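Scroll down for the structure; my scribbles are underneath it.
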Amino acid sequence: MQIFQTDLLCIGAGLAGERVAIEAAGSGFSVVCLSLVPARRSHSSAAQGGMQAALGNSAMGEGDSPDVHFNDTVKGSDWGCDQEVARIFVENAPIAMRQMAFWGVPWNRVVPGEQTYYKGGKPFTAVEKTENEGLIHSRSFGGTAKWRTCYTSDGTGHSVLFALDNRAAQLGVDIHDKTEVVALIHDGETCMGAIARCLKTGELRAYLARATLIASGGFGRIYRASTNAVINDGGAHIAALDTGIVPIGNPEAIQFHPTGIVPTDILVTEGCRGDGGILLDVNQYRFMPDYEPEKAELASRDVVSRRMTEHMRKGLGVKSAYGDHLWLDIRHLGAHHINTNLREVKDICETFLGVDPITQLVPVRPTQHYCMAGVRTNKDGAVYGLKGLFSAGEAACWDMHGFNRLGGNSLSETVVAGMVVGAKVVEFLQGADSVIKMSAVRDAFAKQQQRVTNLIDGVNGRENAFAVREEMHDALVKGAGIFRNGKDLAESVETLKGTLARARRVGLASNGIGANPELALALKIEGMVKLALCVTQAALMRTESRGAHTREDFPDRNDRDWLNRTLAYWNKDGDELPTLKYETATPSFELPPGERGYGGGKIIPMDTPPKTGKNKA
Amino acid sequence: MSRTLTFNIFRYNPQDPDSQPHMEAFTLEETEAMSLFIALNRIRSEQDPSLQFDFCCRAGICGACAMVINGRPGLACRTKTRDLPNEITLLPLPVFKLVADLSVDTGTWFRQMYQKVESWIHTDKEFDPHAKEERMDNHLAEEIYELDRCIECGCCVAACGTAIMRPDFLGAVALNRIARFMIDPRDERTTDEYFDVVGTDEGIFGCMGLLGCEDVCPKQIPLQEQLGKLRRKMALAAINNKLPKFLKSPS
Ligand SMILES: Cc1cc2nc3c(=O)[nH]c(=O)nc-3n(C[C@H](O)[C@H](O)[C@H](O)COP(=O)(O)OP(=O)(O)OC[C@H]3O[C@@H](n4cnc5c(N)ncnc54)[C@H](O)[C@@H]3O)c2cc1C
Ligand code: SF4
Ligand code: SF4
Ligand code: FES
């Protein structure tokens with residue numbers, strides 16, 4: 001057994017993992033970050049848009065403040081978020097952005113004088129103040145009262161991740177890439193590190209740590225169609241769930257984006273519709289105005305995704321080798337506009353589809369995009385159930401997003417949570433020395449070793465892991481997609497129970513030697529199906545519609561019965577279903593539940609509404 | 001209309017004592033808008049689940065999937081089969097250590113590079129959480145970003161004759177990294193300090209200027225221009241270093 005020892009073990013070297021690592025390394029602790037890919041390839045690098053912080057330097061951001069940002073965030077969450085956490089987040093976001101600038105991020109800056117910007121496809125001018133020249137600029141994103149999104153051209157995630165990884169290299173943070181965590185080491189009370197598989201040699205290793213952080217990003221890849229990187233398949237969520245005592249918070253809270261391209265589901269920006277692009281069906285008919293006479297294609301993300309799905313269900317989608325889709329039409333915007341303002345969209349269409357959007361239609365469909373769901377922590381980032389275990393970033397349910405996260409708020413969350421939780425991790429490490437129990441380490445290691453042997457030898461059967469994954473994908477699309485209803489969800493749960501049984505009989509067709517990819521999938525397929533069951537079962541039980549969770553049979557937001565957070569536990573290994581518990585959404589209300597001001601929908605109020613909060617904004 | 005494609009893929013699993021390096025052929029029916037990402041995943045799930053390759057973002061953003069495609073280093077996810085002939089030959093990137101089949105270890109190579117060029121902002125200042133950010137001209141921010149766009153795919157290294165011949169050569173990607181910090185006023189390193197890092201045969205003076213690197217860069221980073229500038233600057237510094245102190249220009 002190969003053993004590594006460190007003060008802090010970060011599972012994940014994306015923005016959240018590295019930001020926490022930097023905090024601990026800066027305080028003199030040893031840190032090892034594990035990652036499936038070299039740190040800079042983590043999915044954070046794919047975020048192009050930007051990150052929100054109420055700096056208020058730009059003309060369109062004037063008058064912005066953490067209070068305004070707070071209100072946008074809570075409304076965006078459909079009141080599902082923890083308001084204390086949302087407050088911590090908005091207050092720290094400006095500091096985090098400036099710190100990124102200090103570490104080398106080439107943020108776009110304010111250029112003084114009259115500038116031309118676009119809104120709804122139309123140009124307008126705004127005057128940037130001379131005294132703000134050279135400060136961090138911001139752009140517009142959906143669901144915000146002010147232009148608040150800090151950016152570096154079309155590569156925000158990339159440049160921030162490069163700056164952080166540079167800083168991590170400077171501080172001597174140890175990165176073990178091509179390493180995959182398959183289990184946590186714990187004794188039912190304390191987490192002592194993780195068991196991981198080396199994706200260069202295939203060997204299992206034990207990483208012993210005084211503190212462990214789960215910063216493994218989202219698990220969008222349990223869905224077939226996702227804008228996420230192919231590595232975002234929930235390996236570390238599975239390790240957490242498998243402890244039996246760590247819950248996944250709000251597993252049913254999954255965000256979908258209207259325009260992923262078909263095939264490959266790469267995201268094309270909302271800007272296409274913002275600038276006047278329209279959606280067409282198989283008959284090249286513009287259908288959105290029939291559903292949403294007022295806003296048509298410009299209704300909110302979740303609403304457009306719902307309508308597109310509804311239309312395809314009527315058989316009006318375009319058939320293709322990669323399944324049904326619809327068309328995005330931006331031809332009428334003209335060559336000039338597309339070549340200048342939608343350059344990146346043009347590049348994606350040409351490169352990945354061989355389609356020129358100036359003269360051709362773009363195949364699109366709604367696609368899984370973000371997990372509000374995640375490993376449940378308290379406001380310090382400490383995970384429920386195990387001492388010494390923390391979580392941050394998309395992997396966590398810290399819970400500032402509730403049932404819908406705003407664009408630009410998740411990238412921002414990674415570095416803000418990284419800073420806040422990082423400080424708590426340091427406090428923890430400075431406290432009493434924890435004891436590593438070698439018996440727990442040996443048990444955890446032996447269990448994983450046994451699983452590997454069983455899969456290679458086909459001890460439990462020879463089910464094909466790829467086929468099991470297909471069945472899981474189908475069941476999720478059917479029940480836990482954009483529109484949900486009791487009947488389909490119940491069917492999906494039943495299907496997935498069968499899928500889980502199949503997953504438990506998986507065995508390899510290949511020899512499993514080295515960094516064998518079939519073994520990698522086989523090791524996590526059972527856990528992926530468990531995650532899928534958490535999503536579907538929690539969605540089935542939640543008989544209301546809130547944020548991204550839309551029940552056709554329960555269209556109202558029900559604050560009376562459902563202003564709470566789901567906690568999904570997998571009590572015993574052999575269980576067929578997760579055990580669901582619930583806790584209040586927020587310990588206190590700074591902003592009492594109310595109308596979001598978009599999306600419509602009825603609200604069933606709380607029996608005793610909380611008193612007006614202290615928020616002045 | 002649809003073509004049958006033949007993929008000749010390099011196979012070798014160093015962990016398996018029975019494995020020998022060889023080429024293996026797989027055939028697939030081409031589908032519309034097929035990329036090497038789609039093709040290789042289909043081969044893995046339908047024909048050989050042990051086939052190793054690296055994809056991550058599958059959108060040309062992360063740099064994970066570089067390989068040698070019909071003789072030329074490139075990103076597999078950005079490569080459409082319709083732009084290739086019926087026979088497609090795929091090899092792992094040279095220079096980087098082979099993991100197996102088409103998968104290589106770029107992480108170790110790049111982390112070593114960060115340490116050699118000290119790929120971070122050098123400053124004596126402390127971050128003040130209560131102060132406003134230091135101002136920067138937007139045009140300069142854009143210039144820095146232009147060089148920061150490198151995705152560390154390794155194509156430029158794999159296409160470089162010097163890098164293939166001498167393992168200690170920094171490569172275009174590292175020289176571009178230095179150029180990025182040189183124009184960033186937040187980095188307080190002097191020309192002399194940069195000279196110590198790149199003013200050698202491992203660095204800019206080892207570069208033969210043949211520009212295999214710029215041709216293959218999927219991000220179209222202006223490597224030729226950066227290498228040229230760096231060479232002139234370092235040549236000047238070299239001359240400057242030989243002059244008596246009172247004749248030196250300030251660095
Ligand atoms: C296409 C796209 C565009 C986006 N654009 C924006 C945007 O403009 N603004 C915004 O705010 N948000 C955006 N988001 C969301 C945002 O990018 C992510 O939520 C955020 O980057 C997540 O960062 P992270 O550090 O939590 O995780 P990641 O960056 O995903 O990092 C996860 C890390 O964990 C590692 N890991 C995972 N599993 C394991 C395992 N089992 N063992 C070891 N390591 C593991 C990975 O290798 C990786 O290093 C976008 C998302 C997508 C998909
Ligand atoms: S110019 Fe030639 S020798 Fe120099 S880095 Fe580029 S490929 Fe290598
Ligand atoms: S410079 Fe270009 S080719 Fe070289 S690693 Fe960076 S992106 Fe790849
Ligand atoms: S998979 Fe990320 S660049 Fe190809």
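Going by the structure tokens order, chains are called A, B, ..., each with residues numbered from 1, while ligands are numbered from 1 in the order shown.
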### Task
Name the residues of range 145-177 of chain B that come out as helix (DSSP H, G or I) in a backbone DSSP run; write them as a PyMOL selection string.
chain B and resi 145-148+155-158+161-165+172-177
Export of the given selection (N, CA, C and O atoms) as an mmCIF file, in the first residue's frame:
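Just written: out10.cif:
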data_model
loop_
_atom_site.group_PDB
_atom_site.id
_atom_site.type_symbol
_atom_site.label_atom_id
_atom_site.label_comp_id
_atom_site.auth_asym_id
_atom_site.auth_seq_id
_atom_site.Cartn_x
_atom_site.Cartn_y
_atom_site.Cartn_z
ATOM 1 N N TYR B 145 -3.678 39.257 -21.410
ATOM 2 C CA TYR B 145 -4.605 38.140 -21.637
ATOM 3 C C TYR B 145 -4.271 37.411 -22.933
ATOM 4 O O TYR B 145 -4.339 36.172 -23.005
ATOM 5 N N GLU B 146 -3.894 38.159 -23.955
ATOM 6 C CA GLU B 146 -3.548 37.570 -25.248
ATOM 7 C C GLU B 146 -2.483 36.471 -25.077
ATOM 8 O O GLU B 146 -2.558 35.418 -25.690
ATOM 9 N N LEU B 147 -1.512 36.707 -24.210
ATOM 10 C CA LEU B 147 -0.444 35.718 -23.984
ATOM 11 C C LEU B 147 -0.857 34.684 -22.930
ATOM 12 O O LEU B 147 -0.318 33.595 -22.862
ATOM 13 N N ASP B 148 -1.835 35.050 -22.110
ATOM 14 C CA ASP B 148 -2.334 34.170 -21.059
ATOM 15 C C ASP B 148 -3.294 33.112 -21.613
ATOM 16 O O ASP B 148 -3.723 32.225 -20.898
ATOM 17 N N CYS B 155 1.086 21.045 -27.818
ATOM 18 C CA CYS B 155 1.280 20.871 -29.264
ATOM 19 C C CYS B 155 2.571 21.535 -29.728
ATOM 20 O O CYS B 155 3.334 20.961 -30.510
ATOM 21 N N CYS B 156 2.839 22.755 -29.235
ATOM 22 C CA CYS B 156 4.027 23.480 -29.693
ATOM 23 C C CYS B 156 5.302 22.730 -29.291
ATOM 24 O O CYS B 156 6.295 22.749 -30.012
ATOM 25 N N VAL B 157 5.268 22.077 -28.141
ATOM 26 C CA VAL B 157 6.435 21.334 -27.677
ATOM 27 C C VAL B 157 6.629 20.090 -28.546
ATOM 28 O O VAL B 157 7.741 19.768 -28.973
ATOM 29 N N ALA B 158 5.511 19.432 -28.856
ATOM 30 C CA ALA B 158 5.576 18.209 -29.645
ATOM 31 C C ALA B 158 6.021 18.479 -31.077
ATOM 32 O O ALA B 158 6.553 17.604 -31.749
ATOM 33 N N GLY B 161 11.456 20.687 -33.073
ATOM 34 C CA GLY B 161 12.619 19.820 -33.266
ATOM 35 C C GLY B 161 13.589 19.911 -32.094
ATOM 36 O O GLY B 161 14.127 18.895 -31.636
ATOM 37 N N THR B 162 13.788 21.110 -31.578
ATOM 38 C CA THR B 162 14.726 21.286 -30.466
ATOM 39 C C THR B 162 14.232 20.545 -29.220
ATOM 40 O O THR B 162 15.000 19.861 -28.549
ATOM 41 N N ALA B 163 12.951 20.699 -28.917
ATOM 42 C CA ALA B 163 12.402 20.057 -27.720
ATOM 43 C C ALA B 163 12.497 18.537 -27.824
ATOM 44 O O ALA B 163 12.728 17.849 -26.834
ATOM 45 N N ILE B 164 12.314 18.015 -29.038
ATOM 46 C CA ILE B 164 12.392 16.560 -29.211
ATOM 47 C C ILE B 164 13.831 16.082 -29.012
ATOM 48 O O ILE B 164 14.079 15.046 -28.414
ATOM 49 N N MET B 165 14.812 16.913 -29.484
ATOM 50 C CA MET B 165 16.213 16.503 -29.366
ATOM 51 C C MET B 165 16.789 16.698 -27.973
ATOM 52 O O MET B 165 17.552 15.891 -27.500
ATOM 53 N N ALA B 172 8.492 26.637 -26.609
ATOM 54 C CA ALA B 172 7.816 27.900 -26.919
ATOM 55 C C ALA B 172 6.826 28.285 -25.827
ATOM 56 O O ALA B 172 6.667 29.455 -25.496
ATOM 57 N N VAL B 173 6.176 27.301 -25.249
ATOM 58 C CA VAL B 173 5.160 27.602 -24.244
ATOM 59 C C VAL B 173 5.775 28.308 -23.037
ATOM 60 O O VAL B 173 5.218 29.267 -22.499
ATOM 61 N N ALA B 174 6.988 27.875 -22.623
ATOM 62 C CA ALA B 174 7.635 28.493 -21.468
ATOM 63 C C ALA B 174 8.165 29.872 -21.819
ATOM 64 O O ALA B 174 8.100 30.803 -21.017
ATOM 65 N N LEU B 175 8.684 30.006 -23.051
ATOM 66 C CA LEU B 175 9.209 31.306 -23.465
ATOM 67 C C LEU B 175 8.060 32.317 -23.560
ATOM 68 O O LEU B 175 8.194 33.478 -23.177
ATOM 69 N N ASN B 176 6.924 31.851 -24.039
ATOM 70 C CA ASN B 176 5.737 32.714 -24.083
ATOM 71 C C ASN B 176 5.299 33.095 -22.665
ATOM 72 O O ASN B 176 4.865 34.219 -22.413
ATOM 73 N N ARG B 177 5.428 32.166 -21.733
ATOM 74 C CA ARG B 177 5.045 32.440 -20.349
ATOM 75 C C ARG B 177 5.906 33.573 -19.779
ATOM 76 O O ARG B 177 5.419 34.504 -19.140
#
### Task
Write as a ChimeraX atom specification the residues around ligand 1, taking 6 Å as the cut-off and counting only C-alpha atoms and all ligand atoms.
/A:11-17,34-37,39,42-44,46-51,179-181,215-217,227-228,235-236,267,369,393-395,407-412,414
Find the residues of chain A that sit at most 6 Å from chain B; for each, write down the nearest two atoms and how far apart they are in Å, to one decimal. Count only C-alpha atoms. Sort by chain, then by number going up, and give it as a tab-separated table.
residue	atom	partner	partner_atom	distance
A:Pro38	CA	B:Gly107	CA	5.0
A:Arg41	CA	B:Cys62	CA	4.7
A:Ile95	CA	B:Pro129	CA	5.8
A:Arg98	CA	B:Glu133	CA	5.3
A:Pro106	CA	B:Ala141	CA	4.9
A:Asn108	CA	B:Asn138	CA	5.8
A:Arg109	CA	B:Asn138	CA	4.7
A:Gly134	CA	B:Arg135	CA	4.5
A:Leu135	CA	B:Arg135	CA	5.2
A:Asn166	CA	B:Trp120	CA	5.0
A:Lys200	CA	B:Val99	CA	5.5
A:Ala229	CA	B:Cys57	CA	4.2
A:Val230	CA	B:Cys56	CA	5.3
A:Ile231	CA	B:Cys56	CA	5.9
A:Leu353	CA	B:Ala33	CA	5.1
A:Ser510	CA	B:Ser50	CA	5.9
A:Gly514	CA	B:Gln15	CA	5.2
A:Asn516	CA	B:Ser50	CA	5.5
A:Pro517	CA	B:Ser50	CA	5.9
A:Glu518	CA	B:Pro49	CA	5.4
### Task
Please write out the residues within 12 Å of ligand 2 as a ChimeraX atom specification, counting only C-alpha atoms and all ligand atoms.
/B:154-167,169-176,201-217,221-228,230-231
### Pick from B:Ile69, B:Ala238, B:Ala76, B:Ile43 nearest to ligand 4, counting only C-alpha atoms and all ligand atoms
B:Ala76
### Task
Run DSSP on the backbone and grab whatever in range 31-134 of chain B lands in strand (DSSP E or B); send it over as a ChimeraX atom specification.
/B:35,66-69,72-75,80,87-91,97-100,103-105
### Message
Report as a PyMOL selection string all protein, DNA and RNA residues lying within 9 Å of Gly76 in chain A, evaluated on only C-alpha atoms, omitting residues in the same chain fewer than 5 positions from it.
### Response
chain A and resi 71+143-144+401-406+547+596
Can I get the selected residues back with N, CA and C atoms, as a compact mmCIF listing (two decimals), in the first residue's frame?
# COMPACT_ATOMS: atom_id res chain seq x y z
N ASN A 71 -29.79 40.72 -2.53
CA ASN A 71 -31.18 40.56 -2.96
C ASN A 71 -31.29 39.76 -4.25
N GLY A 143 -30.62 38.08 -14.50
CA GLY A 143 -31.11 38.05 -13.13
C GLY A 143 -30.42 39.01 -12.18
N THR A 144 -29.71 40.02 -12.70
CA THR A 144 -29.05 40.97 -11.80
C THR A 144 -29.55 42.38 -12.06
N HIS A 401 -27.04 29.16 -3.35
CA HIS A 401 -27.77 29.13 -4.63
C HIS A 401 -29.20 28.63 -4.50
N GLY A 402 -29.51 27.93 -3.41
CA GLY A 402 -30.85 27.39 -3.26
C GLY A 402 -31.26 26.57 -4.46
N PHE A 403 -32.38 26.95 -5.10
CA PHE A 403 -32.90 26.16 -6.21
C PHE A 403 -32.57 26.72 -7.58
N ASN A 404 -31.80 27.79 -7.60
CA ASN A 404 -31.36 28.33 -8.88
C ASN A 404 -30.19 29.26 -8.63
N ARG A 405 -29.08 29.00 -9.33
CA ARG A 405 -27.95 29.92 -9.12
C ARG A 405 -27.92 30.91 -10.28
N LEU A 406 -27.50 32.10 -9.97
CA LEU A 406 -27.39 33.12 -11.00
C LEU A 406 -26.11 32.93 -11.79
N GLY A 547 -37.58 27.39 -8.26
CA GLY A 547 -36.37 27.56 -9.07
C GLY A 547 -36.34 26.58 -10.22
N ARG A 596 -40.29 36.83 -7.04
CA ARG A 596 -38.97 37.03 -7.64
C ARG A 596 -38.98 38.19 -8.61
